[in-house]
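Everything on this sheet refers to the single structure shown next.
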Amino acid sequence: MSGRHPAGRTVTNPVLPGFHPDPSVCRVGDDYYLACSSFEYFPGIPLFHSRDLVHWTQIGNALDRPSQLSLPADAPASGGIYAPTLRHHDGRFWLIVTNVSEGDGNLLFTATDPAGPWSDPIRLPGVHGIDPDLAWDEEGTCWCTVAGVHQVRIDPHTGEAFGPARRIWSGTPGAKAPEAPHLYRIGDYWYLLIAEGGTERGHGVSVARGRTPAGPFEPCPANPILTHRGLDHPIQNTGHADLVQAPDGSWWMVLLGVRPGGGTPGWHVLGRETFLAPVTWVDDWPVVGDLSPVMAAPPWPLQPGPVVPHRDDFDLSELQPCWISPRDRSAEHCTVKERAGWLTLHARGSSLDDLDAVFVGRRQQHLSCRVRTLIDPAEGHGGLAVRLDEEHHYEIEARSAQVRVIARIGPLRTVVASRPVPAGPLVLSVDVTATQRLRDARSGPDTLSFGVEEPDGTFTVLGTLDGRYLSTEVAGGFTGRVIGMYAAAGTVHFDWFDYEPLDQ
Ligand code: 6LW
């Protein structure tokens with residue numbers, strides 16, 4: 001999805017590839033900050049910094065302590081933390097999210113430095129509904145707007161809500177799921193931006209405007225102002241947007257979208273990704289430009305940094321912020337301090353089918369990629385896995401001088417291949433290869449080939465699996481693939497993990 005900037009530079013959408021949905025963005029001076037949903041993973045709410053809205057570097061995760069995020073042990077996949085709004089107001093950053101695994105609890109966090117530390121949560125028992133937004137009017141009143149679309153005034157310092165929530169808009173008549181509201185004062189109007197149509201192929205963005213933050217709101221005659229429903233476009237499910245103005249006065253929209261692959265119906269495997277689109281204003285309504293090509297907001301930067309470190313030697317005293325684990329990550333089960341320069345995992349569950357499996361992974365961010373890791377399985381079983389949830393994962397596991405490839409798809413679990421290997425540390429591999437040319441209408445989106453390194457340095461593939469079964473269209477839910485290391489029994493150590501993007 002690359003396009004040409006008028007200045008001759010090539011830029012690429014998505015700007016945050018891989019499982020980075022529900023983006024919310026704000027600007028402070030020349031710096032932009034962006035937050036995404038994290039669902040059942042810990043740490044939660046990845047935070048990114050950019051100078052141009054195109055190149056983003058992860059600066060942390062807002063919810064990185066159990067006092068901020070403690071998910072129930074049985075929190076389902078795609079439960080947990082939904083849809084942040086990130087704002088800067090009165091010298092502080094404000095972040096509001098919903099923990100759907102805690103009685104639909106809305107939680108507010110603040111920080112003076114977006115890289116952290118973020119505060120412990122301020123609870124909002126009087127705010128009901130997902131996708132909370134924060135906006136302050138000229139008098140300093142804080143308006144909290146949630147999916148539906150409902151609104152209530154709050155004290156963001158205490159979490160107190162004033163009065164019952166009011167419905168301020170229902171979106172386009174007949175359209176489902178009016179959600180993801182964001183409210184802005186722009187010029188003479190208050191704009192209420194929402195997503196509607198559901199987060200699947202029908203997704204879109206609509207807008208209304210009014211003279212006060214509480215409405216009444218007049219819908220834009222051009223709604224939806226963005227949708228790819230029914231379009232022959234490589235980016236689908238476009239919606240859940242947020243607006244930001246660049247220092248030069250230009251406007252931009254961040255939004256989520258997906259890139260389905262294969263034949264019909266099209267499978268997306270990376271989850272919902274963050275895209276960028278230019279916005280202009282006509283008759284005081286926002287008009288969204290083409291998603292591809294995308295032009296970067298000035299000042300043009302700047303060298304792109306790697307989205308995440310592609311190789312990790314586990315030489316730092318803490319895990320880098322790209323690493324996430326389902327539900328929790330205690331030092332008791334996951335540490336870089338036990339064996340210097342290695343990541344050590346102590347098993348809890350007996351396989352990745354278990355809710356308490358010990359797994360540390362990073363988002364798959366490229367349609368094609370090559371992953372290698374060096375495991376020492378002398379004291380246990382473990383391996384390299386591609387995970388969507390407990391019921392959808394493929395892995396290669398090392399145990400007692402043997403490796404095996406395992407596939408879990410829905411209720412079915414099967415050992416696809418196994419073979420002996422010499423005892424001792426060994427390199428496990430997975431190559432994800434996107435389908436370039438369809439064989440027929442039923443072609444899958446990609447293949448995943450699992451293998452081991454031989455003593456002569458070559459790799460032998462043990463099993464190649466169709467990637468459609470690790471897609472959202474098959475598994476359901478709101479996340480995307482995460483690739484990483486796990487322990488299934490005893491203790492396993494990993495010396496390094498290498499992720500090589502292979503997209504053109
Ligand atoms: C989120 C909702 C949505 O709360 O999906 O695409 C839900 N939009 O706004 C989970 O990400």
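Ligands are numbered from 1 in the order shown, residues from 1 within each chain, and chains are lettered A, B, ... in the order they appear in the structure tokens.
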
Select from chain A every residue with an atom at most 9 Å from any atom of ligand 1, then for each give the shortest pair of atoms and their distance in Å to one decimal, using only C-alpha atoms and all ligand atoms, rows by chain and rising number, as a tab-separated table.
residue	atom	partner	partner_atom_place_in_ligand_line	distance
A:Pro21	CA	ligand 1	11 (O)	6.2
A:Asp22	CA	ligand 1	11 (O)	5.7
A:Cys36	CA	ligand 1	11 (O)	8.9
A:Ser37	CA	ligand 1	11 (O)	6.4
A:Ser38	CA	ligand 1	11 (O)	8.6
A:Phe39	CA	ligand 1	11 (O)	8.0
A:Ser78	CA	ligand 1	10 (C)	8.0
A:Gly79	CA	ligand 1	10 (C)	8.9
A:Ile81	CA	ligand 1	10 (C)	8.6
A:Tyr82	CA	ligand 1	4 (O)	5.1
A:Ala83	CA	ligand 1	4 (O)	4.8
A:Pro84	CA	ligand 1	4 (O)	8.5
A:Thr98	CA	ligand 1	4 (O)	8.2
A:Ile130	CA	ligand 1	4 (O)	5.8
A:Asp131	CA	ligand 1	4 (O)	5.2
A:Pro132	CA	ligand 1	4 (O)	9.0
A:Ala147	CA	ligand 1	9 (O)	7.4
A:Ala177	CA	ligand 1	9 (O)	8.4
A:Pro178	CA	ligand 1	9 (O)	8.4
A:Glu179	CA	ligand 1	9 (O)	5.2
A:Ala180	CA	ligand 1	9 (O)	4.4
A:Pro181	CA	ligand 1	9 (O)	8.2
A:Ile194	CA	ligand 1	9 (O)	8.8
A:Ala195	CA	ligand 1	9 (O)	7.0
A:Glu196	CA	ligand 1	8 (N)	8.4
A:Gly198	CA	ligand 1	6 (O)	6.7
A:Thr199	CA	ligand 1	6 (O)	4.2
A:Glu200	CA	ligand 1	6 (O)	7.8
A:His203	CA	ligand 1	6 (O)	7.5
A:Asn237	CA	ligand 1	6 (O)	8.4
A:Thr238	CA	ligand 1	6 (O)	8.5
A:Gly239	CA	ligand 1	6 (O)	6.3
A:His240	CA	ligand 1	6 (O)	5.2
A:Ala241	CA	ligand 1	6 (O)	8.9
A:Leu256	CA	ligand 1	6 (O)	7.2
A:Gly257	CA	ligand 1	6 (O)	8.8
A:Arg272	CA	ligand 1	6 (O)	8.3
A:Gly477	CA	ligand 1	10 (C)	8.4
A:Phe478	CA	ligand 1	11 (O)	5.7
A:Thr479	CA	ligand 1	11 (O)	8.0

Convert the current residue selection to file output with N, CA, C and O atoms, as a compact mmCIF listing (two decimals), in the first residue's frame.
# COMPACT_ATOMS: atom_id res chain seq x y z
N PRO A 21 -5.47 -1.75 16.71
CA PRO A 21 -6.79 -1.21 16.38
C PRO A 21 -7.18 -0.01 17.25
O PRO A 21 -6.53 0.29 18.26
N ASP A 22 -8.27 0.63 16.84
CA ASP A 22 -8.92 1.69 17.63
C ASP A 22 -7.92 2.81 17.96
O ASP A 22 -7.81 3.24 19.12
N CYS A 36 -3.47 2.47 21.22
CA CYS A 36 -4.32 1.46 20.59
C CYS A 36 -4.90 0.53 21.65
O CYS A 36 -4.38 0.45 22.77
N SER A 37 -5.93 -0.22 21.27
CA SER A 37 -6.51 -1.24 22.16
C SER A 37 -5.54 -2.40 22.35
O SER A 37 -4.72 -2.69 21.48
N SER A 38 -5.71 -3.11 23.48
CA SER A 38 -4.81 -4.25 23.74
C SER A 38 -5.53 -5.52 24.18
O SER A 38 -4.91 -6.56 24.32
N PHE A 39 -6.83 -5.45 24.50
CA PHE A 39 -7.66 -6.62 24.80
C PHE A 39 -7.09 -7.45 25.95
O PHE A 39 -6.81 -6.90 27.00
N SER A 78 -9.95 -11.44 23.37
CA SER A 78 -10.71 -10.28 22.88
C SER A 78 -11.58 -9.65 23.96
O SER A 78 -12.42 -8.80 23.66
N GLY A 79 -11.41 -10.06 25.24
CA GLY A 79 -11.97 -9.31 26.36
C GLY A 79 -10.94 -8.26 26.76
O GLY A 79 -10.09 -7.87 25.96
N ILE A 81 -9.11 -4.88 27.60
CA ILE A 81 -9.05 -3.43 27.44
C ILE A 81 -9.42 -3.01 26.01
O ILE A 81 -8.73 -3.35 25.05
N TYR A 82 -10.49 -2.21 25.92
CA TYR A 82 -11.01 -1.73 24.64
C TYR A 82 -10.73 -0.23 24.47
O TYR A 82 -10.87 0.56 25.41
N ALA A 83 -10.51 0.14 23.26
CA ALA A 83 -10.74 1.44 22.65
C ALA A 83 -10.39 2.66 23.51
O ALA A 83 -11.26 3.28 24.10
N PRO A 84 -9.11 3.05 23.50
CA PRO A 84 -8.71 4.23 24.27
C PRO A 84 -9.08 5.54 23.58
O PRO A 84 -9.23 5.60 22.36
N THR A 98 -11.99 1.18 28.38
CA THR A 98 -12.95 0.30 29.04
C THR A 98 -12.28 -1.05 29.29
O THR A 98 -11.63 -1.58 28.39
N ILE A 130 -19.00 1.32 26.10
CA ILE A 130 -17.61 1.22 25.62
C ILE A 130 -17.23 2.47 24.83
O ILE A 130 -18.05 3.33 24.55
N ASP A 131 -15.96 2.53 24.49
CA ASP A 131 -15.40 3.57 23.62
C ASP A 131 -15.53 4.97 24.22
O ASP A 131 -15.97 5.92 23.56
N PRO A 132 -15.14 5.17 25.49
CA PRO A 132 -15.30 6.49 26.10
C PRO A 132 -14.37 7.53 25.46
O PRO A 132 -13.23 7.24 25.12
N ALA A 147 -20.13 4.91 23.25
CA ALA A 147 -20.85 4.29 22.14
C ALA A 147 -22.34 4.36 22.41
O ALA A 147 -22.81 4.30 23.54
N ALA A 177 -24.43 -0.35 15.23
CA ALA A 177 -23.25 -0.09 16.06
C ALA A 177 -22.68 1.33 15.93
O ALA A 177 -21.52 1.48 15.53
N PRO A 178 -23.46 2.36 16.29
CA PRO A 178 -22.82 3.69 16.39
C PRO A 178 -21.87 3.68 17.59
O PRO A 178 -22.29 3.43 18.71
N GLU A 179 -20.58 3.88 17.34
CA GLU A 179 -19.58 3.69 18.40
C GLU A 179 -18.37 4.55 18.12
O GLU A 179 -18.35 5.34 17.18
N ALA A 180 -17.37 4.40 18.96
CA ALA A 180 -16.09 5.10 18.81
C ALA A 180 -16.28 6.62 18.68
O ALA A 180 -15.70 7.24 17.80
N PRO A 181 -17.11 7.25 19.55
CA PRO A 181 -17.29 8.69 19.40
C PRO A 181 -16.05 9.47 19.80
O PRO A 181 -15.34 9.10 20.74
N ILE A 194 -18.07 9.54 14.65
CA ILE A 194 -18.36 8.18 15.15
C ILE A 194 -18.00 7.15 14.07
O ILE A 194 -17.81 7.49 12.90
N ALA A 195 -17.94 5.88 14.51
CA ALA A 195 -17.88 4.75 13.58
C ALA A 195 -19.26 4.13 13.55
O ALA A 195 -19.99 4.19 14.55
N GLU A 196 -19.64 3.56 12.44
CA GLU A 196 -20.90 2.81 12.40
C GLU A 196 -20.85 1.75 11.32
O GLU A 196 -19.96 1.77 10.47
N GLY A 198 -20.59 -1.50 12.18
CA GLY A 198 -19.87 -2.67 12.71
C GLY A 198 -18.44 -2.67 12.23
O GLY A 198 -18.13 -2.10 11.18
N THR A 199 -17.59 -3.35 13.01
CA THR A 199 -16.15 -3.29 12.73
C THR A 199 -15.70 -4.27 11.64
O THR A 199 -14.53 -4.50 11.45
N GLU A 200 -16.69 -4.82 10.90
CA GLU A 200 -16.34 -5.76 9.82
C GLU A 200 -16.43 -5.03 8.47
O GLU A 200 -16.21 -3.83 8.43
N HIS A 203 -17.97 -1.43 8.01
CA HIS A 203 -17.48 -0.33 8.86
C HIS A 203 -17.40 0.99 8.09
O HIS A 203 -17.12 1.02 6.89
N ASN A 237 -12.81 -2.71 5.95
CA ASN A 237 -13.27 -2.54 7.34
C ASN A 237 -12.85 -1.18 7.92
O ASN A 237 -12.61 -1.06 9.12
N THR A 238 -12.72 -0.16 7.09
CA THR A 238 -12.20 1.13 7.55
C THR A 238 -13.20 1.82 8.47
O THR A 238 -14.37 1.97 8.13
N GLY A 239 -12.71 2.25 9.64
CA GLY A 239 -13.57 2.94 10.59
C GLY A 239 -12.81 3.26 11.86
O GLY A 239 -11.57 3.22 11.88
N HIS A 240 -13.54 3.56 12.91
CA HIS A 240 -12.97 3.88 14.23
C HIS A 240 -11.82 4.89 14.10
O HIS A 240 -10.64 4.56 14.28
N ALA A 241 -12.20 6.13 13.82
CA ALA A 241 -11.21 7.14 13.45
C ALA A 241 -11.04 8.19 14.55
O ALA A 241 -11.88 8.33 15.45
N LEU A 256 -8.78 2.60 11.80
CA LEU A 256 -8.39 1.20 11.65
C LEU A 256 -8.89 0.67 10.31
O LEU A 256 -9.91 1.13 9.78
N GLY A 257 -8.18 -0.31 9.80
CA GLY A 257 -8.58 -1.02 8.59
C GLY A 257 -7.90 -2.38 8.59
O GLY A 257 -7.06 -2.66 9.45
N ARG A 272 -6.65 -5.72 13.10
CA ARG A 272 -7.00 -4.40 12.56
C ARG A 272 -5.80 -3.48 12.77
O ARG A 272 -5.25 -3.39 13.86
N GLY A 477 -13.32 -12.34 16.94
CA GLY A 477 -12.59 -11.49 17.89
C GLY A 477 -12.01 -10.25 17.26
O GLY A 477 -12.24 -9.94 16.08
N PHE A 478 -11.24 -9.53 18.09
CA PHE A 478 -10.79 -8.18 17.74
C PHE A 478 -9.27 -8.05 17.63
O PHE A 478 -8.77 -6.95 17.43
N THR A 479 -8.55 -9.15 17.84
CA THR A 479 -7.08 -9.04 17.90
C THR A 479 -6.47 -9.47 16.57
O THR A 479 -7.16 -9.52 15.55

Surrounding residues of Asp440 in chain A excluding itself and chain neighbours under 6 positions, 10 Å, only C-alpha atoms, as a ChimeraX atom specification: /A:262-264

Who sits within 6 Å of range 220-225 of chain A, only C-alpha atoms, same chain under 3 positions skipped, as a list in words: Val205, Ser206, Val207 and Ala208 of chain A

Could you tell me, as a CSV table (one decimal) with N, CA and C atoms, in the first residue's frame, which residues of range 97-196 of chain A DSSP assigns to strand (DSSP E) when given the backbone?
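Generated file (selection-v5.csv):
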chain,number,residue,atom,x,y,z
A,97,VAL,N,-10.2,4.3,28.9
A,97,VAL,CA,-10.4,3.0,28.3
A,97,VAL,C,-11.6,2.3,29.0
A,98,THR,N,-12.0,1.2,28.4
A,98,THR,CA,-12.9,0.3,29.0
A,98,THR,C,-12.3,-1.0,29.3
A,99,ASN,N,-12.5,-1.6,30.5
A,99,ASN,CA,-12.1,-3.0,30.8
A,99,ASN,C,-13.3,-3.8,30.7
A,105,GLY,N,-16.1,-1.8,33.1
A,105,GLY,CA,-15.5,-0.7,33.9
A,105,GLY,C,-14.8,0.3,33.0
A,106,ASN,N,-15.2,1.6,33.1
A,106,ASN,CA,-14.4,2.6,32.4
A,106,ASN,C,-13.4,3.2,33.4
A,107,LEU,N,-12.1,3.3,32.8
A,107,LEU,CA,-11.0,3.7,33.7
A,107,LEU,C,-10.3,4.9,33.0
A,108,LEU,N,-9.8,5.8,33.9
A,108,LEU,CA,-9.1,6.9,33.4
A,108,LEU,C,-7.7,7.0,34.0
A,109,PHE,N,-6.7,7.3,33.2
A,109,PHE,CA,-5.3,7.3,33.7
A,109,PHE,C,-4.7,8.7,33.3
A,110,THR,N,-3.8,9.2,34.0
A,110,THR,CA,-3.1,10.4,33.6
A,110,THR,C,-1.6,10.2,33.7
A,111,ALA,N,-0.9,11.1,33.0
A,111,ALA,CA,0.6,11.1,33.0
A,111,ALA,C,1.1,12.4,32.6
A,122,ILE,N,-8.4,5.9,37.7
A,122,ILE,CA,-9.5,6.5,38.4
A,122,ILE,C,-10.8,5.8,37.8
A,123,ARG,N,-11.6,5.3,38.6
A,123,ARG,CA,-12.8,4.5,38.1
A,123,ARG,C,-13.9,5.5,37.9
A,133,ASP,N,-14.9,8.7,25.3
A,133,ASP,CA,-14.2,9.9,24.8
A,133,ASP,C,-14.1,11.0,25.9
A,134,LEU,N,-13.1,11.8,25.8
A,134,LEU,CA,-13.0,12.9,26.7
A,134,LEU,C,-12.9,14.2,25.9
A,135,ALA,N,-13.6,15.2,26.3
A,135,ALA,CA,-13.5,16.6,25.6
A,135,ALA,C,-13.8,17.6,26.7
A,136,TRP,N,-13.0,18.7,26.6
A,136,TRP,CA,-13.2,19.8,27.6
A,136,TRP,C,-13.8,21.0,26.8
A,142,CYS,N,-15.8,18.8,31.6
A,142,CYS,CA,-15.3,17.6,30.9
A,142,CYS,C,-16.5,16.7,30.5
A,143,TRP,N,-16.6,16.5,29.2
A,143,TRP,CA,-17.7,15.7,28.6
A,143,TRP,C,-17.2,14.3,28.2
A,144,CYS,N,-17.9,13.3,28.7
A,144,CYS,CA,-17.5,11.9,28.4
A,144,CYS,C,-18.6,11.4,27.5
A,145,THR,N,-18.2,10.9,26.4
A,145,THR,CA,-19.2,10.4,25.4
A,145,THR,C,-18.8,9.0,25.1
A,146,VAL,N,-19.8,8.1,25.0
A,146,VAL,CA,-19.6,6.7,24.8
A,146,VAL,C,-20.4,6.2,23.7
A,150,HIS,N,-24.0,8.1,23.8
A,150,HIS,CA,-24.5,8.7,25.0
A,150,HIS,C,-23.4,9.6,25.6
A,151,GLN,N,-23.8,10.6,26.4
A,151,GLN,CA,-22.9,11.5,27.0
A,151,GLN,C,-23.2,11.9,28.4
A,152,VAL,N,-22.2,12.1,29.2
A,152,VAL,CA,-22.4,12.5,30.6
A,152,VAL,C,-21.2,13.4,31.0
A,153,ARG,N,-21.5,14.4,31.8
A,153,ARG,CA,-20.4,15.3,32.3
A,153,ARG,C,-19.7,14.5,33.4
A,154,ILE,N,-18.4,14.7,33.5
A,154,ILE,CA,-17.7,14.0,34.6
A,154,ILE,C,-16.7,15.0,35.2
A,161,ALA,N,-19.6,11.1,37.9
A,161,ALA,CA,-20.4,11.5,36.8
A,161,ALA,C,-21.6,12.4,37.3
A,162,PHE,N,-21.9,13.4,36.5
A,162,PHE,CA,-23.0,14.3,36.9
A,162,PHE,C,-24.3,14.0,36.1
A,163,GLY,N,-25.2,13.4,36.8
A,163,GLY,CA,-26.5,13.2,36.2
A,163,GLY,C,-26.5,12.0,35.3
A,164,PRO,N,-27.7,11.6,34.8
A,164,PRO,CA,-27.7,10.4,33.9
A,164,PRO,C,-27.2,10.8,32.6
A,165,ALA,N,-26.7,9.8,31.8
A,165,ALA,CA,-26.2,10.0,30.5
A,165,ALA,C,-27.4,10.3,29.6
A,166,ARG,N,-27.1,11.2,28.6
A,166,ARG,CA,-28.1,11.5,27.5
A,166,ARG,C,-27.7,11.0,26.2
A,167,ARG,N,-28.7,10.5,25.5
A,167,ARG,CA,-28.3,10.1,24.1
A,167,ARG,C,-28.2,11.3,23.2
A,179,GLU,N,-20.6,3.9,17.3
A,179,GLU,CA,-19.6,3.7,18.4
A,179,GLU,C,-18.4,4.5,18.1
A,180,ALA,N,-17.4,4.4,19.0
A,180,ALA,CA,-16.1,5.1,18.8
A,180,ALA,C,-16.3,6.6,18.7
A,181,PRO,N,-17.1,7.3,19.6
A,181,PRO,CA,-17.3,8.7,19.4
A,181,PRO,C,-16.0,9.5,19.8
A,182,HIS,N,-15.8,10.5,19.1
A,182,HIS,CA,-14.8,11.5,19.5
A,182,HIS,C,-15.4,12.9,19.2
A,183,LEU,N,-15.3,13.8,20.2
A,183,LEU,CA,-15.9,15.1,20.2
A,183,LEU,C,-14.8,16.1,20.1
A,184,TYR,N,-15.0,17.1,19.2
A,184,TYR,CA,-13.9,18.1,19.1
A,184,TYR,C,-14.6,19.5,18.9
A,185,ARG,N,-13.9,20.5,19.4
A,185,ARG,CA,-14.3,21.9,19.1
A,185,ARG,C,-13.4,22.3,17.9
A,186,ILE,N,-13.9,22.6,16.7
A,186,ILE,CA,-13.1,23.0,15.6
A,186,ILE,C,-13.9,24.2,15.0
A,189,TYR,N,-17.9,25.1,15.4
A,189,TYR,CA,-18.8,23.9,15.7
A,189,TYR,C,-18.1,23.0,16.7
A,190,TRP,N,-19.0,22.2,17.3
A,190,TRP,CA,-18.5,20.9,18.0
A,190,TRP,C,-18.8,19.8,17.0
A,191,TYR,N,-17.8,19.0,16.7
A,191,TYR,CA,-18.0,17.9,15.8
A,191,TYR,C,-18.0,16.6,16.6
A,192,LEU,N,-18.9,15.7,16.2
A,192,LEU,CA,-19.0,14.4,16.8
A,192,LEU,C,-18.8,13.4,15.7
A,193,LEU,N,-17.6,12.8,15.8
A,193,LEU,CA,-17.1,11.8,14.9
A,193,LEU,C,-17.5,10.4,15.4
A,194,ILE,N,-18.1,9.5,14.6
A,194,ILE,CA,-18.4,8.2,15.2
A,194,ILE,C,-18.0,7.1,14.1
A,195,ALA,N,-17.9,5.9,14.5
A,195,ALA,CA,-17.9,4.8,13.6
A,195,ALA,C,-19.3,4.1,13.6
A,196,GLU,N,-19.6,3.6,12.4
A,196,GLU,CA,-20.9,2.8,12.4
A,196,GLU,C,-20.8,1.7,11.3

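The environment of Thr458 in chain A within 12 Å, counting only C-alpha atoms and disregarding residues fewer than 3 places along the same chain, consists of Val427, Leu428, Ser429, Gly451, Val452, Glu453, Glu454, Pro455 and Val461 of chain A.
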
Same residues, N, CA, C and O atoms, output as a short mmCIF file (atom, residue, chain, number, x, y, z; two decimals), in the first residue's frame:
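The resulting file, part.cif, is shown below:
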data_model
loop_
_atom_site.label_atom_id
_atom_site.label_comp_id
_atom_site.auth_asym_id
_atom_site.auth_seq_id
_atom_site.Cartn_x
_atom_site.Cartn_y
_atom_site.Cartn_z
N VAL A 427 17.67 -23.99 16.95
CA VAL A 427 16.95 -22.85 16.36
C VAL A 427 15.66 -23.36 15.73
O VAL A 427 15.67 -24.28 14.90
N LEU A 428 14.53 -22.77 16.16
CA LEU A 428 13.21 -23.07 15.59
C LEU A 428 12.84 -21.94 14.64
O LEU A 428 13.24 -20.79 14.86
N SER A 429 12.05 -22.25 13.63
CA SER A 429 11.74 -21.21 12.65
C SER A 429 10.29 -21.30 12.19
O SER A 429 9.69 -22.38 12.20
N GLY A 451 9.98 -25.03 10.95
CA GLY A 451 11.15 -25.85 10.73
C GLY A 451 12.18 -25.74 11.83
O GLY A 451 11.99 -25.04 12.83
N VAL A 452 13.27 -26.49 11.62
CA VAL A 452 14.39 -26.48 12.56
C VAL A 452 15.69 -26.30 11.78
O VAL A 452 15.78 -26.68 10.62
N GLU A 453 16.68 -25.76 12.48
CA GLU A 453 17.99 -25.61 11.86
C GLU A 453 18.77 -26.91 12.04
O GLU A 453 18.79 -27.50 13.13
N GLU A 454 19.40 -27.33 10.96
CA GLU A 454 20.25 -28.53 11.00
C GLU A 454 21.66 -28.13 11.46
O GLU A 454 22.01 -26.95 11.41
N PRO A 455 22.46 -29.11 11.88
CA PRO A 455 23.83 -28.78 12.31
C PRO A 455 24.63 -28.04 11.25
O PRO A 455 25.51 -27.24 11.56
N VAL A 461 12.03 -27.85 6.79
CA VAL A 461 10.61 -27.57 7.10
C VAL A 461 9.94 -28.87 7.51
O VAL A 461 10.02 -29.88 6.80
#

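Around range 329-336 of chain A, within 8 Å and counting only C-alpha atoms, the residues found are Phe42, Pro43, Phe314, Asp315, Leu316, Ser317, Glu318, Leu319, Trp342, Leu343, Thr344, Leu345, His346, Ala347, Arg348 and Val358 of chain A, once anything fewer than 6 positions away on its own chain is removed.
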
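You can rank A:Gly480, A:Pro377, A:Gly266, A:Gly444 by their closest distance to Ala423 in chain A using only C-alpha atoms, and at the top of that list sits A:Pro377.
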
Counting only C-alpha atoms, the residue among A:Ala417, A:Glu273, A:Thr280, A:Leu462 that lies closest to Gly249 in chain A is A:Thr280

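As for CA of Leu367 in chain A and CA of His393 in chain A, they are spaced 16.8 Å apart.
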
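CA of Thr373 in chain A is positioned 16.2 Å from CA of Gln402 in chain A.
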
Could you name the residues that touch Gly380 in chain A at 10 Å or less, counting only C-alpha atoms, but leaving out those on the same chain fewer than 5 positions away, as a ChimeraX atom specification? /A:345-347,398-400,487-493

Using N, CA, C and O atoms, can you write the selected residues to a file as a CSV table (one decimal), in the first residue's frame?
chain,number,residue,atom,x,y,z
A,345,LEU,N,11.4,-18.8,30.6
A,345,LEU,CA,9.9,-19.0,30.9
A,345,LEU,C,9.7,-20.2,31.7
A,345,LEU,O,10.3,-21.3,31.4
A,346,HIS,N,8.9,-20.1,32.7
A,346,HIS,CA,8.5,-21.2,33.6
A,346,HIS,C,7.1,-21.6,33.3
A,346,HIS,O,6.2,-20.7,33.4
A,347,ALA,N,6.8,-22.8,32.9
A,347,ALA,CA,5.4,-23.2,32.5
A,347,ALA,C,4.5,-23.1,33.6
A,347,ALA,O,4.8,-23.3,34.8
A,398,ALA,N,9.8,-27.9,21.1
A,398,ALA,CA,11.0,-28.7,21.4
A,398,ALA,C,10.8,-29.4,22.7
A,398,ALA,O,10.4,-28.8,23.7
A,399,ARG,N,11.1,-30.7,22.7
A,399,ARG,CA,11.0,-31.5,24.0
A,399,ARG,C,11.8,-32.8,23.8
A,399,ARG,O,11.9,-33.4,22.8
A,400,SER,N,12.5,-33.1,24.9
A,400,SER,CA,13.3,-34.4,24.9
A,400,SER,C,13.9,-34.8,23.6
A,400,SER,O,13.5,-35.9,23.1
A,487,ALA,N,6.3,-21.6,27.1
A,487,ALA,CA,6.7,-22.8,27.9
A,487,ALA,C,5.5,-23.7,28.1
A,487,ALA,O,4.5,-23.2,28.5
A,488,ALA,N,5.6,-24.9,27.8
A,488,ALA,CA,4.5,-25.9,28.0
A,488,ALA,C,4.7,-26.8,29.2
A,488,ALA,O,3.8,-27.3,29.8
A,489,ALA,N,6.0,-27.0,29.6
A,489,ALA,CA,6.3,-27.8,30.8
A,489,ALA,C,7.7,-27.4,31.3
A,489,ALA,O,8.6,-27.1,30.5
A,490,GLY,N,7.9,-27.4,32.6
A,490,GLY,CA,9.2,-27.1,33.2
A,490,GLY,C,9.7,-25.7,32.8
A,490,GLY,O,8.9,-24.7,32.8
A,491,THR,N,11.0,-25.6,32.5
A,491,THR,CA,11.6,-24.3,32.2
A,491,THR,C,12.3,-24.3,30.9
A,491,THR,O,12.9,-25.3,30.6
A,492,VAL,N,12.1,-23.3,30.1
A,492,VAL,CA,12.8,-23.2,28.8
A,492,VAL,C,13.4,-21.8,28.8
A,492,VAL,O,12.9,-20.8,29.3
A,493,HIS,N,14.6,-21.7,28.1
A,493,HIS,CA,15.3,-20.5,27.9
A,493,HIS,C,15.4,-20.1,26.4
A,493,HIS,O,15.6,-21.1,25.6

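The interatomic distance for the pair CA of Trp281 in chain A and CA of Phe93 in chain A works out to 27.5 Å.
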
Can I get the residues of range 205-281 of chain A within 9 Å of range 44-64 of chain A, each with the closest pair of atoms and their distance in Å to one decimal, using only C-alpha atoms, sorted chain first then ascending number, as CSV?
residue,atom,partner,partner_atom,distance
A:Ala246,CA,A:Asp52,CA,8.5
A:Trp252,CA,A:Leu53,CA,8.5
A:Val254,CA,A:Leu53,CA,8.7
A:Phe275,CA,A:Val54,CA,9.0
A:Leu276,CA,A:Val54,CA,7.5

Between A:Asp376, A:Asp431, A:Asp31, A:Glu138, single out the one closest to Phe459 in chain A, counting only C-alpha atoms. A:Asp431

Mind checking which residues fall within 10 Å of Asp113 in chain A, counting only C-alpha atoms, ignoring those fewer than 5 positions away in the same chain, and posting them as an mmCIF file with C-alpha atoms, in the first residue's frame?
data_model
loop_
_atom_site.group_PDB
_atom_site.id
_atom_site.type_symbol
_atom_site.label_atom_id
_atom_site.label_comp_id
_atom_site.auth_asym_id
_atom_site.auth_seq_id
_atom_site.Cartn_x
_atom_site.Cartn_y
_atom_site.Cartn_z
ATOM 1 C CA GLY A 91 -0.514 20.143 30.980
ATOM 2 C CA ARG A 92 -1.322 16.463 31.337
ATOM 3 C CA PHE A 93 -2.039 13.436 29.191
ATOM 4 C CA TRP A 118 0.857 6.463 34.100
#
